[in-house]
2 protein chains.
Amino acid sequence: MKGTNLGELEEIVLLVVANLFDNAYGILIKHEIEEKCNRTITISTVHNVLQRLSEKDYLESRYSDPSPERGGKRKLLFRVTKAGQAALKTSRSMREDLWSGIPKVAFE
Amino acid sequence: MKGTNLGELEEIVLLVVANLFDNAYGILIKHEIEEKCNRTITISTVHNVLQRLSEKDYLESRYSDPSPERGGKRKLLFRVTKAGQAALKTSRSMREDLWSGIPKVAFE
DNA sequence: AACTATTTATTCGACATTTACGATAAATAT
DNA sequence: ATATTTATCGTAAATGTCGAATAAATAGTT
């Protein structure tokens with residue numbers, strides 16, 4: 001990939017952050033991926049991708065206030081940027097175009 | 001990726017092979033990707049992915065007869081296997097589910 | 001109040017797999 | 001032979017993956 005492209009996992013994480021809207025942070029993102037994508041993933045992997053997506057300016061983040069529960073450390077909350085939204089849309093429409101060009105004979 | 005997952009480029013190549021149906025081989029796949037996906041890619045990259053997808057049993061291949069033109073070396077023709085089709089479908093529906101779960105407020 | 005243990009979270013460091021390219025090799029028609 | 005079309009090889013960079021270390025907050029104990 002040449003820096004701007006979305007990797008397979010990067011795209012999933014971006015979509016999940018959009019799903020979680022106002023409450024997208026590490027562990028929740030991990031759980032959401034495992035549930036919706038039917039795969040396991042470690043929290044370190046999630047954070048790694050989160051960070052790289054931020055460097056690409058596809059995500060922005062801010063700290064929440066600590067939550068009043070045992071161990072309720074402040075969370076790093078993420079949100080998809082305009083650039084991130086655009087990347088998602090491009091990726092999706094490109095693939096849909098490819099799908100629409102597949103001759104019926106080629107697929108069962 | 002853990003062996004069975006489709007990488008971002010792997011998925012594109014798979015879709016393009018399906019598009020090209022009966023005439024999917026290296027150079028043509030390269031051209032098709034560059035045209036439909038608006039990106040450049042070298043022939044070596046294409047062949048590399050083609051080979052990996054074959055190892056994953058998402059593609060099968062056979063040699064064509066040489067074509068009667070100057071330099072008409074025989075081509076290695078690819079076709080998406082049932083497993084490949086299944087992987088494409090899974091990937092697509094998983095992402096569509098994620099898209100459908102995005103609250104309107106989250107996207108412009 | 002201060003200390004320690006426990007819980008929730010993120011960061012760091014290392015390695016594996018995928019993506020990417022330039023150079024090289026193989027086959028065929030002229 | 002040689003030019004042309006195509007595929008393969010070797011290596012570098014980006015992405016994906018994990019385990020262990022670190023940080024911040026609360027609950028319990030003295």
# chains A, B, ... in the order shown; residues from 1 in each chain; ligands from 1
call {"tool": "closest_atom_pairs", "arguments": {"of": "chain D", "to": "region 75-84 of chain A", "cutoff": "12 Å", "atoms": "only C-alpha atoms (C1' of nucleotides)", "output": "Markdown table"}}
result
| residue | atom | partner | partner_atom | distance |
| --- | --- | --- | --- | --- |
| D:DA23 | C1' | A:Lys75 | CA | 11.8 |
| D:DA24 | C1' | A:Lys75 | CA | 10.3 |
| D:DA25 | C1' | A:Lys75 | CA | 11.4 |
call {"tool": "residues_around", "arguments": {"residues": "DC3 (chain C)", "least_positions_apart": "4", "cutoff": "12 Å", "atoms": "only C-alpha atoms (C1' of nucleotides)", "output": "list in words"}}
result
DG28, DT29 and DT30 of chain D
call {"tool": "residues_around", "arguments": {"residues": "Val13 (chain B)", "least_positions_apart": "6", "cutoff": "12 Å", "atoms": "only C-alpha atoms (C1' of nucleotides)", "output": "ChimeraX atom specification"}}
result
/A:95,98-99 /B:6-7,19-20,24-26,28-34,36-37,41,45-54,58-59,78-80,84,88
call {"tool": "select_by_dssp", "arguments": {"residues": "chain B", "states": "helix (DSSP H, G or I)", "output": "MDAnalysis selection string"}}
result
chainID B and resid 8:23 26:37 43:55 82:100 104:106
call {"tool": "interface_residues", "arguments": {"of": "chain D", "to": "chain A", "cutoff": "9 Å", "atoms": "only C-alpha atoms (C1' of nucleotides)", "output": "JSON, numbers by chain"}}
result
{"D": [13, 14, 15, 16, 17, 18, 19, 23, 24, 25, 26, 27]}
call {"tool": "write_last_selection", "arguments": {"atoms": "C-alpha atoms (C1' of nucleotides)", "output": "compact mmCIF listing (two decimals), in the first residue's frame"}}
result
# COMPACT_ATOMS: atom_id res chain seq x y z
C1' DA D 13 8.21 -1.38 2.74
C1' DA D 14 3.59 -1.33 4.77
C1' DT D 15 0.19 -3.68 7.31
C1' DG D 16 -1.32 -7.11 10.65
C1' DT D 17 -0.35 -9.60 15.00
C1' DC D 18 0.77 -10.50 19.66
C1' DG D 19 2.81 -10.51 24.61
C1' DA D 23 -0.61 4.11 33.51
C1' DA D 24 -4.64 5.70 35.98
C1' DA D 25 -8.37 5.09 38.74
C1' DT D 26 -10.99 2.73 42.79
C1' DA D 27 -11.46 -0.37 46.92
call {"tool": "interface_residues", "arguments": {"of": "chain C", "to": "chain A", "cutoff": "7 Å", "atoms": "only C-alpha atoms (C1' of nucleotides)", "output": "ChimeraX atom specification"}}
result
/C:7-9,19
call {"tool": "write_last_selection", "arguments": {"atoms": "C-alpha atoms (C1' of nucleotides)", "output": "mmCIF file, in the first residue's frame"}}
result
data_model
loop_
_atom_site.group_PDB
_atom_site.id
_atom_site.type_symbol
_atom_site.label_atom_id
_atom_site.label_comp_id
_atom_site.auth_asym_id
_atom_site.auth_seq_id
_atom_site.Cartn_x
_atom_site.Cartn_y
_atom_site.Cartn_z
ATOM 1 C "C1'" DT C 7 -9.463 -3.357 37.677
ATOM 2 C "C1'" DT C 8 -9.738 -0.910 33.308
ATOM 3 C "C1'" DA C 9 -6.968 1.014 29.688
ATOM 4 C "C1'" DT C 19 1.915 -5.412 -0.566
#
call {"tool": "closest_residue", "arguments": {"among": "A:Ala18, A:Asn5, A:Glu11, A:Ala87", "to": "chain B", "atoms": "only C-alpha atoms"}}
result
A:Ala18
call {"tool": "select_by_dssp", "arguments": {"residues": "chain A", "states": "strand (DSSP E)", "output": "ChimeraX atom specification"}}
result
/A:59-63,76-80
